[in-house]
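**Q** This is the content of work.json (JSON, C-alpha atoms and all ligand atoms):
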```json
[["chain", "number", "residue", "atom", "x", "y", "z"],
["J", 1, "MET", "CA", -14.69, 31.33, 63.34],
["J", 2, "ARG", "CA", -15.83, 30.04, 59.94],
["J", 3, "LEU", "CA", -14.38, 32.36, 57.34],
["J", 4, "ALA", "CA", -13.78, 30.07, 54.40],
["J", 5, "ALA", "CA", -17.38, 28.83, 54.55],
["J", 6, "LYS", "CA", -18.65, 32.35, 54.02],
["J", 7, "GLY", "CA", -17.04, 32.67, 50.62],
["J", 8, "LYS", "CA", -15.88, 36.16, 49.71],
["J", 9, "MET", "CA", -14.83, 38.42, 52.58],
["J", 10, "THR", "CA", -12.89, 41.67, 52.66],
["J", 11, "VAL", "CA", -9.74, 42.06, 54.73],
["J", 12, "ARG", "CA", -11.66, 44.52, 56.93],
["J", 13, "GLU", "CA", -14.30, 41.88, 57.74],
["J", 14, "ILE", "CA", -11.71, 39.16, 58.19],
["J", 15, "ILE", "CA", -9.65, 41.19, 60.64],
["J", 16, "PHE", "CA", -12.78, 42.11, 62.58],
["J", 17, "GLU", "CA", -13.85, 38.49, 62.97],
["J", 18, "ALA", "CA", -10.38, 37.19, 63.75],
["J", 19, "THR", "CA", -9.91, 39.89, 66.39],
["J", 20, "GLN", "CA", -13.14, 38.84, 68.08],
["J", 21, "THR", "CA", -12.09, 35.19, 68.03],
["J", 22, "LEU", "CA", -8.72, 35.99, 69.61],
["J", 23, "GLU", "CA", -10.27, 38.33, 72.19],
["J", 24, "LYS", "CA", -12.69, 35.59, 73.23],
["J", 25, "ALA", "CA", -9.71, 33.28, 73.65],
["J", 26, "GLY", "CA", -8.11, 35.83, 76.00],
["J", 27, "ILE", "CA", -5.28, 36.89, 73.68],
["J", 28, "PRO", "CA", -4.34, 40.44, 74.79],
["J", 29, "SER", "CA", -2.96, 41.77, 71.49],
["J", 30, "ALA", "CA", -5.83, 40.34, 69.45],
["J", 31, "ARG", "CA", -6.15, 42.91, 66.68],
["J", 32, "LEU", "CA", -2.43, 43.34, 66.16],
["J", 33, "ASP", "CA", -1.94, 39.58, 66.01],
["J", 34, "ALA", "CA", -4.79, 39.17, 63.52],
["J", 35, "GLU", "CA", -3.25, 41.83, 61.28],
["J", 36, "VAL", "CA", 0.29, 40.46, 61.57],
["J", 37, "LEU", "CA", -0.86, 36.94, 60.72],
["J", 38, "LEU", "CA", -2.98, 38.06, 57.76],
["J", 39, "ALA", "CA", -0.13, 40.21, 56.44],
["J", 40, "PHE", "CA", 2.23, 37.23, 56.81],
["J", 41, "LEU", "CA", -0.13, 34.99, 54.85],
["J", 42, "LEU", "CA", -0.83, 37.54, 52.10],
["J", 43, "ARG", "CA", 2.88, 38.46, 51.98],
["J", 44, "CYS", "CA", 2.14, 42.13, 52.41],
["J", 45, "ASN", "CA", 2.59, 44.91, 54.90],
["J", 46, "ARG", "CA", -0.10, 45.68, 57.52],
["J", 47, "LEU", "CA", -0.41, 49.12, 55.95],
["J", 48, "ALA", "CA", -1.93, 47.49, 52.87],
["J", 49, "PHE", "CA", -5.06, 46.76, 54.94],
["J", 50, "ILE", "CA", -5.58, 50.44, 55.58],
["J", 51, "LYS", "CA", -5.00, 51.33, 51.95],
["J", 52, "ASN", "CA", -7.13, 48.52, 50.52],
["J", 53, "PRO", "CA", -9.65, 47.41, 53.17],
["J", 54, "ASP", "CA", -11.96, 45.91, 50.53],
["J", 55, "GLU", "CA", -9.42, 43.49, 49.08],
["J", 56, "ALA", "CA", -10.80, 39.93, 49.12],
["J", 57, "PRO", "CA", -8.33, 37.08, 49.69],
["J", 58, "SER", "CA", -8.85, 33.73, 47.95],
["J", 59, "LYS", "CA", -10.72, 30.84, 49.54],
["J", 60, "LYS", "CA", -7.47, 28.99, 50.11],
["J", 61, "GLN", "CA", -5.96, 32.03, 51.85],
["J", 62, "LEU", "CA", -9.04, 32.28, 54.06],
["J", 63, "ALA", "CA", -8.77, 28.63, 55.04],
["J", 64, "ASP", "CA", -5.04, 29.00, 55.81],
["J", 65, "PHE", "CA", -5.73, 32.11, 57.87],
["J", 66, "GLU", "CA", -8.43, 30.32, 59.83],
["J", 67, "ARG", "CA", -5.93, 27.63, 60.78],
["J", 68, "LEU", "CA", -3.38, 30.21, 61.93],
["J", 69, "ILE", "CA", -5.98, 32.02, 64.04],
["J", 70, "ALA", "CA", -7.08, 28.73, 65.60],
["J", 71, "ARG", "CA", -3.47, 28.00, 66.61],
["J", 72, "ARG", "CA", -3.00, 31.54, 67.95],
["J", 73, "ALA", "CA", -6.22, 31.20, 69.94],
["J", 74, "LYS", "CA", -4.67, 28.17, 71.66],
["J", 75, "GLY", "CA", -1.75, 30.37, 72.74],
["J", 76, "GLU", "CA", 0.90, 29.53, 70.15],
["J", 77, "PRO", "CA", 3.20, 32.58, 69.88],
["J", 78, "VAL", "CA", 2.91, 34.71, 66.73],
["J", 79, "ALA", "CA", 6.65, 34.36, 66.11],
["J", 80, "TYR", "CA", 6.37, 30.57, 65.85],
["J", 81, "LEU", "CA", 3.41, 30.93, 63.47],
["J", 82, "THR", "CA", 5.27, 33.31, 61.16],
["J", 83, "GLY", "CA", 8.70, 31.72, 61.78],
["J", 84, "ARG", "CA", 10.39, 35.04, 62.38],
["J", 85, "LYS", "CA", 11.14, 37.62, 65.02],
["J", 86, "ALA", "CA", 12.81, 41.02, 64.84],
["J", 87, "PHE", "CA", 15.84, 41.43, 67.12],
["J", 88, "TRP", "CA", 18.40, 44.23, 67.18],
["J", 89, "SER", "CA", 18.75, 45.39, 63.56],
["J", 90, "PHE", "CA", 17.63, 42.21, 61.80],
["J", 91, "VAL", "CA", 14.92, 39.57, 61.58],
["J", 92, "LEU", "CA", 15.72, 36.08, 62.85],
["J", 93, "GLU", "CA", 14.20, 32.80, 61.80],
["J", 94, "VAL", "CA", 12.66, 31.12, 64.84],
["J", 95, "ASN", "CA", 10.96, 27.79, 65.47],
["J", 96, "PRO", "CA", 9.96, 25.82, 68.57],
["J", 97, "SER", "CA", 13.54, 24.62, 69.09],
["J", 98, "VAL", "CA", 14.65, 28.14, 70.05],
["J", 99, "LEU", "CA", 13.54, 30.72, 72.57],
["J", 100, "ILE", "CA", 11.87, 33.66, 70.84],
["J", 101, "PRO", "CA", 14.42, 36.44, 71.40],
["J", 102, "ARG", "CA", 13.11, 39.12, 73.79],
["J", 103, "PRO", "CA", 13.54, 42.89, 73.46],
["J", 104, "ASP", "CA", 14.99, 42.83, 77.02],
["J", 105, "THR", "CA", 17.88, 40.78, 75.71],
["J", 106, "GLU", "CA", 18.96, 43.72, 73.55],
["J", 107, "VAL", "CA", 20.15, 45.28, 76.81],
["J", 108, "ILE", "CA", 22.91, 42.66, 77.17],
["J", 109, "VAL", "CA", 23.97, 43.46, 73.60],
["J", 110, "GLU", "CA", 24.11, 47.18, 74.46],
["J", 111, "GLU", "CA", 26.11, 46.49, 77.60],
["J", 112, "ALA", "CA", 28.52, 44.22, 75.72],
["J", 113, "LEU", "CA", 29.08, 46.96, 73.14],
["J", 114, "SER", "CA", 29.75, 49.56, 75.78],
["J", 115, "VAL", "CA", 32.22, 47.28, 77.60],
["J", 116, "ALA", "CA", 33.97, 46.50, 74.30],
["J", 117, "GLN", "CA", 34.23, 50.18, 73.52],
["J", 118, "ARG", "CA", 35.58, 51.14, 76.95],
["J", 119, "GLU", "CA", 38.16, 48.35, 76.88],
["J", 120, "ALA", "CA", 39.10, 49.42, 73.32],
["J", 121, "TRP", "CA", 39.75, 45.80, 72.35],
["J", 122, "SER", "CA", 40.83, 45.16, 68.80],
["J", 123, "ASN", "CA", 39.55, 41.86, 67.42],
["J", 124, "PRO", "CA", 38.09, 40.69, 70.75],
["J", 125, "ARG", "CA", 37.42, 37.00, 71.33],
["J", 126, "ILE", "CA", 33.77, 36.63, 72.32],
["J", 127, "LEU", "CA", 31.82, 33.62, 73.56],
["J", 128, "ASP", "CA", 27.99, 33.37, 73.71],
["J", 129, "ILE", "CA", 26.85, 30.42, 75.81],
["J", 130, "GLY", "CA", 23.34, 29.10, 74.99],
["J", 131, "THR", "CA", 22.95, 31.07, 71.80],
["J", 132, "GLY", "CA", 19.46, 29.79, 70.88],
["J", 133, "SER", "CA", 18.44, 31.58, 67.66],
["J", 134, "GLY", "CA", 21.88, 33.23, 67.66],
["J", 135, "ALA", "CA", 20.41, 36.56, 68.76],
["J", 136, "ILE", "CA", 23.18, 37.91, 70.99],
["J", 137, "ALA", "CA", 26.13, 36.46, 69.07],
["J", 138, "LEU", "CA", 24.82, 37.72, 65.73],
["J", 139, "ALA", "CA", 24.07, 41.21, 67.02],
["J", 140, "LEU", "CA", 27.65, 41.41, 68.33],
["J", 141, "ALA", "CA", 28.99, 40.02, 65.05],
["J", 142, "CYS", "CA", 27.19, 42.81, 63.19],
["J", 143, "GLU", "CA", 28.43, 45.53, 65.53],
["J", 144, "ILE", "CA", 32.03, 44.61, 66.35],
["J", 145, "PRO", "CA", 34.13, 44.36, 63.20],
["J", 146, "GLY", "CA", 36.94, 41.84, 63.51],
["J", 147, "ALA", "CA", 35.46, 40.11, 66.57],
["J", 148, "ALA", "CA", 36.16, 36.37, 66.75],
["J", 149, "ILE", "CA", 32.85, 35.00, 67.98],
["J", 150, "THR", "CA", 32.04, 31.51, 69.20],
["J", 151, "ALA", "CA", 28.45, 30.57, 70.02],
["J", 152, "THR", "CA", 27.37, 27.38, 71.78],
["J", 153, "ASP", "CA", 24.21, 25.55, 72.64],
["J", 154, "ILE", "CA", 23.35, 22.17, 74.12],
["J", 155, "SER", "CA", 20.55, 21.81, 71.55],
["J", 156, "SER", "CA", 21.61, 20.74, 68.07],
["J", 157, "ALA", "CA", 18.28, 21.91, 66.64],
["J", 158, "ALA", "CA", 18.81, 25.37, 68.12],
["J", 159, "LEU", "CA", 22.33, 25.50, 66.69],
["J", 160, "LYS", "CA", 21.05, 24.62, 63.23],
["J", 161, "THR", "CA", 18.65, 27.54, 63.44],
["J", 162, "ALA", "CA", 21.39, 29.88, 64.66],
["J", 163, "GLN", "CA", 23.62, 28.76, 61.78],
["J", 164, "LYS", "CA", 20.89, 29.49, 59.26],
["J", 165, "ASN", "CA", 20.41, 32.91, 60.80],
["J", 166, "ALA", "CA", 24.14, 33.57, 60.61],
["J", 167, "ALA", "CA", 24.25, 32.55, 56.94],
["J", 168, "ALA", "CA", 21.34, 34.87, 56.11],
["J", 169, "LEU", "CA", 23.24, 37.84, 57.56],
["J", 170, "LYS", "CA", 26.24, 37.26, 55.26],
["J", 171, "LEU", "CA", 28.71, 38.34, 57.94],
["J", 172, "ASP", "CA", 32.24, 39.34, 57.02],
["J", 173, "GLN", "CA", 33.67, 37.18, 59.78],
["J", 174, "PRO", "CA", 31.90, 33.86, 60.34],
["J", 175, "VAL", "CA", 30.64, 32.96, 63.82],
["J", 176, "VAL", "CA", 31.89, 29.57, 65.02],
["J", 177, "PHE", "CA", 29.12, 27.32, 66.39],
["J", 178, "ARG", "CA", 29.76, 24.52, 68.89],
["J", 179, "GLU", "CA", 27.41, 22.02, 70.47],
["J", 180, "GLY", "CA", 27.70, 21.01, 74.11],
["J", 181, "ASP", "CA", 27.17, 21.67, 77.79],
["J", 182, "LEU", "CA", 28.33, 25.15, 78.89],
["J", 183, "PHE", "CA", 32.13, 25.39, 78.41],
["J", 184, "GLU", "CA", 32.63, 21.76, 77.42],
["J", 185, "PRO", "CA", 32.84, 22.39, 73.63],
["J", 186, "VAL", "CA", 35.23, 25.39, 73.80],
["J", 187, "ASP", "CA", 38.82, 26.01, 74.70],
["J", 188, "GLY", "CA", 41.08, 29.01, 74.96],
["J", 189, "ARG", "CA", 40.35, 32.34, 76.60],
["J", 190, "PHE", "CA", 37.86, 35.08, 75.76],
["J", 191, "ASP", "CA", 37.77, 38.83, 76.31],
["J", 192, "LEU", "CA", 34.02, 38.73, 76.67],
["J", 193, "ILE", "CA", 31.71, 35.92, 77.72],
["J", 194, "VAL", "CA", 27.98, 36.60, 77.41],
["J", 195, "SER", "CA", 25.02, 34.42, 78.23],
["J", 196, "ASN", "CA", 21.27, 34.58, 78.59],
["J", 197, "PRO", "CA", 21.00, 31.23, 80.36],
["J", 198, "PRO", "CA", 17.81, 29.49, 81.41],
["J", 199, "TYR", "CA", 16.78, 31.13, 84.69],
["J", 200, "ILE", "CA", 13.24, 30.10, 85.57],
["J", 201, "GLY", "CA", 12.91, 28.17, 88.84],
["J", 202, "ALA", "CA", 10.38, 25.38, 89.37],
["J", 203, "GLU", "CA", 7.76, 27.51, 91.10],
["J", 204, "ASP", "CA", 8.02, 30.48, 88.70],
["J", 205, "PHE", "CA", 7.73, 28.13, 85.75],
["J", 206, "GLU", "CA", 4.17, 27.29, 86.73],
["J", 207, "SER", "CA", 3.14, 30.96, 86.62],
["J", 208, "LEU", "CA", 4.69, 31.74, 83.21],
["J", 209, "PRO", "CA", 2.24, 32.88, 80.53],
["J", 210, "ALA", "CA", 0.73, 29.86, 78.74],
["J", 211, "GLY", "CA", 2.31, 30.89, 75.42],
["J", 212, "VAL", "CA", 5.77, 30.65, 76.99],
["J", 213, "LYS", "CA", 5.21, 27.60, 79.20],
["J", 214, "ASN", "CA", 3.42, 25.48, 76.61],
["J", 215, "PHE", "CA", 5.31, 26.41, 73.45],
["J", 216, "GLU", "CA", 8.86, 27.57, 74.14],
["J", 217, "PRO", "CA", 11.53, 24.93, 74.82],
["J", 218, "ASP", "CA", 11.79, 23.81, 78.44],
["J", 219, "GLU", "CA", 15.56, 23.53, 78.16],
["J", 220, "ALA", "CA", 15.77, 27.21, 77.22],
["J", 221, "LEU", "CA", 13.81, 28.30, 80.28],
["J", 222, "ARG", "CA", 14.14, 25.97, 83.25],
["J", 223, "ALA", "CA", 17.02, 26.19, 85.67],
["J", 224, "GLY", "CA", 16.46, 23.66, 88.44],
["J", 225, "GLN", "CA", 14.50, 24.31, 91.59],
["J", 226, "THR", "CA", 15.70, 27.86, 92.27],
["J", 227, "GLY", "CA", 16.45, 29.27, 88.82],
["J", 228, "LEU", "CA", 20.06, 29.89, 89.85],
["J", 229, "GLU", "CA", 21.67, 26.66, 88.68],
["J", 230, "PHE", "CA", 23.25, 28.19, 85.56],
["J", 231, "TYR", "CA", 24.55, 31.26, 87.37],
["J", 232, "GLN", "CA", 26.37, 29.08, 89.88],
["J", 233, "LYS", "CA", 28.04, 27.07, 87.13],
["J", 234, "LEU", "CA", 28.71, 29.94, 84.74],
["J", 235, "ILE", "CA", 30.19, 32.31, 87.31],
["J", 236, "TYR", "CA", 32.40, 29.59, 88.75],
["J", 237, "GLN", "CA", 33.54, 28.11, 85.43],
["J", 238, "ALA", "CA", 33.84, 31.28, 83.32],
["J", 239, "HIS", "CA", 36.87, 32.42, 85.28],
["J", 240, "GLY", "CA", 38.95, 29.69, 83.63],
["J", 241, "TYR", "CA", 37.93, 30.91, 80.16],
["J", 242, "LEU", "CA", 38.32, 34.65, 80.60],
["J", 243, "ALA", "CA", 41.40, 36.46, 79.33],
["J", 244, "GLU", "CA", 43.07, 39.03, 81.54],
["J", 245, "ASN", "CA", 40.64, 41.93, 82.09],
["J", 246, "GLY", "CA", 37.95, 39.82, 80.42],
["J", 247, "TRP", "CA", 34.31, 40.46, 81.28],
["J", 248, "LEU", "CA", 31.47, 38.09, 82.07],
["J", 249, "LEU", "CA", 27.99, 39.45, 81.24],
["J", 250, "LEU", "CA", 24.84, 37.57, 82.17],
["J", 251, "GLU", "CA", 21.18, 38.29, 81.64],
["J", 252, "ILE", "CA", 19.22, 37.87, 84.88],
["J", 253, "GLY", "CA", 15.56, 37.59, 85.79],
["J", 254, "ALA", "CA", 13.95, 40.73, 87.22],
["J", 255, "THR", "CA", 13.92, 39.35, 90.78],
["J", 256, "GLN", "CA", 17.35, 37.72, 90.81],
["J", 257, "GLU", "CA", 19.76, 40.62, 91.36],
["J", 258, "GLN", "CA", 20.53, 39.95, 95.02],
["J", 259, "GLU", "CA", 20.91, 36.22, 94.58],
["J", 260, "VAL", "CA", 23.21, 36.48, 91.56],
["J", 261, "ARG", "CA", 25.24, 39.26, 93.20],
["J", 262, "ALA", "CA", 25.72, 36.86, 96.12],
["J", 263, "ILE", "CA", 27.14, 34.24, 93.77],
["J", 264, "PHE", "CA", 29.67, 36.77, 92.40],
["J", 265, "GLU", "CA", 30.42, 37.75, 96.01],
["J", 266, "ALA", "CA", 31.13, 34.11, 96.85],
["J", 267, "HIS", "CA", 33.74, 34.19, 94.06],
["J", 268, "LYS", "CA", 35.19, 37.58, 94.88],
["J", 269, "ASP", "CA", 38.73, 36.32, 94.45],
["J", 270, "PHE", "CA", 37.82, 35.80, 90.79],
["J", 271, "TYR", "CA", 35.84, 38.93, 89.93],
["J", 272, "GLU", "CA", 35.89, 42.66, 90.49],
["J", 273, "ARG", "CA", 33.73, 45.62, 89.44],
["J", 274, "VAL", "CA", 30.49, 43.65, 89.68],
["J", 275, "ASP", "CA", 27.59, 45.78, 88.54],
["J", 276, "VAL", "CA", 23.98, 45.53, 87.38],
["J", 277, "ARG", "CA", 22.26, 47.29, 84.49],
["J", 278, "GLU", "CA", 18.53, 47.81, 84.22],
["J", 279, "ASP", "CA", 16.32, 47.23, 81.20],
["J", 280, "TYR", "CA", 13.97, 49.84, 79.76],
["J", 281, "ALA", "CA", 11.27, 48.88, 82.23],
["J", 282, "GLY", "CA", 13.69, 49.82, 85.03],
["J", 283, "LEU", "CA", 14.19, 46.21, 86.13],
["J", 284, "PRO", "CA", 17.60, 44.65, 86.83],
["J", 285, "ARG", "CA", 18.50, 42.76, 83.66],
["J", 286, "VAL", "CA", 22.25, 42.35, 83.16],
["J", 287, "ILE", "CA", 24.97, 41.61, 85.69],
["J", 288, "LYS", "CA", 28.64, 41.87, 84.85],
["J", 289, "GLY", "CA", 31.98, 41.31, 86.50],
["J", 290, "ARG", "CA", 35.60, 41.58, 85.37],
["J", 291, "ARG", "CA", 38.15, 38.86, 85.87],
["J", 292, "ARG", "CA", 40.68, 39.71, 88.57],
["J", 301, "LIG", "N1", 20.70, 33.43, 73.67],
["J", 301, "LIG", "C1", 19.34, 33.25, 73.19],
["J", 301, "LIG", "C2", 18.52, 34.49, 73.46],
["J", 301, "LIG", "O1", 18.96, 35.30, 74.28],
["J", 301, "LIG", "O2", 17.46, 34.67, 72.84],
["J", 301, "LIG", "C3", 18.67, 32.00, 73.83],
["J", 301, "LIG", "C4", 18.62, 32.07, 75.33],
["J", 301, "LIG", "S1", 17.67, 30.75, 76.08],
["J", 301, "LIG", "C5", 17.10, 31.57, 77.53],
["J", 301, "LIG", "C6", 18.90, 29.68, 76.76],
["J", 301, "LIG", "C7", 19.63, 28.78, 75.75],
["J", 301, "LIG", "O3", 20.59, 27.98, 76.46],
["J", 301, "LIG", "C8", 18.76, 27.79, 75.00],
["J", 301, "LIG", "O4", 19.00, 27.90, 73.62],
["J", 301, "LIG", "C9", 19.18, 26.43, 75.53],
["J", 301, "LIG", "O5", 19.11, 25.40, 74.56],
["J", 301, "LIG", "C10", 20.61, 26.67, 75.94],
["J", 301, "LIG", "N2", 21.10, 25.78, 76.99],
["J", 301, "LIG", "C11", 20.41, 25.19, 77.99],
["J", 301, "LIG", "N3", 21.23, 24.45, 78.76],
["J", 301, "LIG", "C12", 22.48, 24.58, 78.23],
["J", 301, "LIG", "C13", 23.75, 24.05, 78.58],
["J", 301, "LIG", "N4", 23.91, 23.24, 79.64],
["J", 301, "LIG", "N5", 24.82, 24.39, 77.81],
["J", 301, "LIG", "C14", 24.67, 25.20, 76.75],
["J", 301, "LIG", "N6", 23.49, 25.72, 76.37],
["J", 301, "LIG", "C15", 22.39, 25.43, 77.10],
["J", 302, "LIG", "N1", 12.93, 36.18, 79.70],
["J", 302, "LIG", "C1", 12.34, 34.87, 79.48],
["J", 302, "LIG", "C2", 10.88, 34.88, 79.93],
["J", 302, "LIG", "O1", 10.33, 35.91, 80.11],
["J", 302, "LIG", "C3", 13.15, 33.83, 80.19],
["J", 302, "LIG", "C4", 14.44, 33.63, 79.51],
["J", 302, "LIG", "C5", 15.43, 32.87, 80.30],
["J", 302, "LIG", "O2", 15.13, 31.98, 81.10],
["J", 302, "LIG", "N2", 16.63, 33.22, 80.11],
["J", 302, "LIG", "O3", 10.25, 33.87, 80.03]]
```
Take the structure in the file and give it back as structure tokens.
Ligand code: SAM
Ligand code: GLN
**A**
Amino acid sequence: MRLAAKGKMTVREIIFEATQTLEKAGIPSARLDAEVLLAFLLRCNRLAFIKNPDEAPSKKQLADFERLIARRAKGEPVAYLTGRKAFWSFVLEVNPSVLIPRPDTEVIVEEALSVAQREAWSNPRILDIGTGSGAIALALACEIPGAAITATDISSAALKTAQKNAAALKLDQPVVFREGDLFEPVDGRFDLIVSNPPYIGAEDFESLPAGVKNFEPDEALRAGQTGLEFYQKLIYQAHGYLAENGWLLLEIGATQEQEVRAIFEAHKDFYERVDVREDYAGLPRVIKGRRR
């Protein structure tokens, strides 16, 4: 695609050409991506293209857009190109040090809220292990007034991003961020422990979409040979950090229900009321258990 070389072009023509380029590169959401990236660059809303299809961006804007489309054509996720991703009720800053938060992960937020409501906790202590962009912890901070939330990650770059996201939300009660391996940086007991841990096994990793495999952080995705490594550790260790009647909620991969249930079963002296919740595609997505 050589847009800048052509001189003046309307947004209609630009979007048409960029869509073709992305389609040729095998990007499934080509037109949407072209529009989102152009809107990002022109700092406008996609609707503006419908209202003013004959608007002509500057030469510099064309050149910048060409570079973004070239990166997208190589598979780089749109969210890394724009630096932001909508999650729950807000927009998070994202960069290649954090997993791009998935809509499926909103299901663990919903389940956490329904557990918190049923238990009628006041000022619950909540821990989010492997917070990444801060997605889960920040959604809970917005929804549960008075919650004391701690969020951890092993990646200092991810934590920096999460902290920026927290600051942008201007929360009433600050989230506490801690760096380290699983429970190592925290002490005390929690009413609710949530985690969307890495859960991709070695074989499944190879068949991930290129945009995920080549651009999202390995340490956010990979979980040993089987994908179960983190469940084994989290389910075993969380018991020592749960308050009485405290709940452990974990996101799981769509094919992992039986295996993760088996891990809870192996620790049945520790947990009761183990249950799985599906996501909106009808796939198992969240497993929970209450401390005995
Ligand atoms: N919670 C975010 C979300 O749902 O979008 C990110 C989830 S991502 C799948 C897993 C996160 O766990 C990554 O941010 C990764 O850096 C972090 N992580 C990986 N190993 C860890 C460990 N041993 N201890 C703590 N965090 C870890
Ligand atoms: N859901 C992510 C994916 O589709 C994986 C996230 C994780 O490992 N927790 O790749």
**Q** Give me the residues near Gly227 (chain J) as a ChimeraX atom specification, where near means some atom within 8 Å (using only C-alpha atoms) and where sequence neighbours in that chain fewer than 6 positions away do not count.
**A** /J:198-202
**Q** Go ahead and save the residues from that selection, with C-alpha atoms, as a JSON list (two decimals), keeping the file's coordinate frame.
**A**
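result28.json, freshly written:
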```json
[["chain", "number", "residue", "atom", "x", "y", "z"],
["J", 198, "PRO", "CA", 17.81, 29.49, 81.41],
["J", 199, "TYR", "CA", 16.78, 31.13, 84.69],
["J", 200, "ILE", "CA", 13.24, 30.10, 85.57],
["J", 201, "GLY", "CA", 12.91, 28.17, 88.84],
["J", 202, "ALA", "CA", 10.38, 25.38, 89.37]]
```
**Q** 10 Å from ligand LIG 302 (chain J) is the threshold here; counting only C-alpha atoms and all ligand atoms, which polymer residues fall inside it? Answer as number ranges by chain.
**A** J: 99-105, 130, 195-201, 204-205, 208-209, 211-213, 216, 218-223, 227, 230, 250-254, 285
**Q** Would you output that residue set with C-alpha atoms, as a PDB file, in the frame of the given file?
**A**
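Heads up, here's the output in selection-v9.pdb:
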```pdb
ATOM      1  CA  LEU J  99      13.540  30.720  72.570  1.00  0.00           C
ATOM      2  CA  ILE J 100      11.870  33.660  70.840  1.00  0.00           C
ATOM      3  CA  PRO J 101      14.420  36.440  71.400  1.00  0.00           C
ATOM      4  CA  ARG J 102      13.110  39.120  73.790  1.00  0.00           C
ATOM      5  CA  PRO J 103      13.540  42.890  73.460  1.00  0.00           C
ATOM      6  CA  ASP J 104      14.990  42.830  77.020  1.00  0.00           C
ATOM      7  CA  THR J 105      17.880  40.780  75.710  1.00  0.00           C
ATOM      8  CA  GLY J 130      23.340  29.100  74.990  1.00  0.00           C
ATOM      9  CA  SER J 195      25.020  34.420  78.230  1.00  0.00           C
ATOM     10  CA  ASN J 196      21.270  34.580  78.590  1.00  0.00           C
ATOM     11  CA  PRO J 197      21.000  31.230  80.360  1.00  0.00           C
ATOM     12  CA  PRO J 198      17.810  29.490  81.410  1.00  0.00           C
ATOM     13  CA  TYR J 199      16.780  31.130  84.690  1.00  0.00           C
ATOM     14  CA  ILE J 200      13.240  30.100  85.570  1.00  0.00           C
ATOM     15  CA  GLY J 201      12.910  28.170  88.840  1.00  0.00           C
ATOM     16  CA  ASP J 204       8.020  30.480  88.700  1.00  0.00           C
ATOM     17  CA  PHE J 205       7.730  28.130  85.750  1.00  0.00           C
ATOM     18  CA  LEU J 208       4.690  31.740  83.210  1.00  0.00           C
ATOM     19  CA  PRO J 209       2.240  32.880  80.530  1.00  0.00           C
ATOM     20  CA  GLY J 211       2.310  30.890  75.420  1.00  0.00           C
ATOM     21  CA  VAL J 212       5.770  30.650  76.990  1.00  0.00           C
ATOM     22  CA  LYS J 213       5.210  27.600  79.200  1.00  0.00           C
ATOM     23  CA  GLU J 216       8.860  27.570  74.140  1.00  0.00           C
ATOM     24  CA  ASP J 218      11.790  23.810  78.440  1.00  0.00           C
ATOM     25  CA  GLU J 219      15.560  23.530  78.160  1.00  0.00           C
ATOM     26  CA  ALA J 220      15.770  27.210  77.220  1.00  0.00           C
ATOM     27  CA  LEU J 221      13.810  28.300  80.280  1.00  0.00           C
ATOM     28  CA  ARG J 222      14.140  25.970  83.250  1.00  0.00           C
ATOM     29  CA  ALA J 223      17.020  26.190  85.670  1.00  0.00           C
ATOM     30  CA  GLY J 227      16.450  29.270  88.820  1.00  0.00           C
ATOM     31  CA  PHE J 230      23.250  28.190  85.560  1.00  0.00           C
ATOM     32  CA  LEU J 250      24.840  37.570  82.170  1.00  0.00           C
ATOM     33  CA  GLU J 251      21.180  38.290  81.640  1.00  0.00           C
ATOM     34  CA  ILE J 252      19.220  37.870  84.880  1.00  0.00           C
ATOM     35  CA  GLY J 253      15.560  37.590  85.790  1.00  0.00           C
ATOM     36  CA  ALA J 254      13.950  40.730  87.220  1.00  0.00           C
ATOM     37  CA  ARG J 285      18.500  42.760  83.660  1.00  0.00           C
TER      38      ARG J 285
END
```
**Q** Considering only C-alpha atoms and all ligand atoms, can you say which of J:Pro96, J:Gly180, J:Gly240, J:Pro28 comes closest to ligand LIG 301 (chain J)?
**A** J:Gly180
**Q** Can you measure CA of Lys24 (chain J) to CA of Leu81 (chain J) for me? One decimal in Å is fine.
**A**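 Computed distance, CA of Lys24 (chain J) to CA of Leu81 (chain J), equals 19.4 Å.
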**Q** May I ask which of the residues J:Arg71, J:Asp64, J:Pro57, J:Lys8 is the closest one to Cys44 (chain J), counting only C-alpha atoms?
**A**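 Closest to Cys44 (chain J), using only C-alpha atoms: J:Pro57.
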**Q** Please measure the separation of CA of Pro53 (chain J) and CA of Lys74 (chain J), giving the value in Å to one decimal.
**A**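 These two atoms are separated by 27.1 Å.
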**Q** What is the CA of Phe215 (chain J) to CA of Val98 (chain J) distance in Å?
**A**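 Distance between the two atoms: 10.1 Å.
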**Q** Which residues come within 8 Å of Phe270 (chain J), counting all atoms listed in the file, excluding same-chain residues fewer than 5 positions away, as a list in words?
**A** His239, Arg291 and Arg292 of chain J
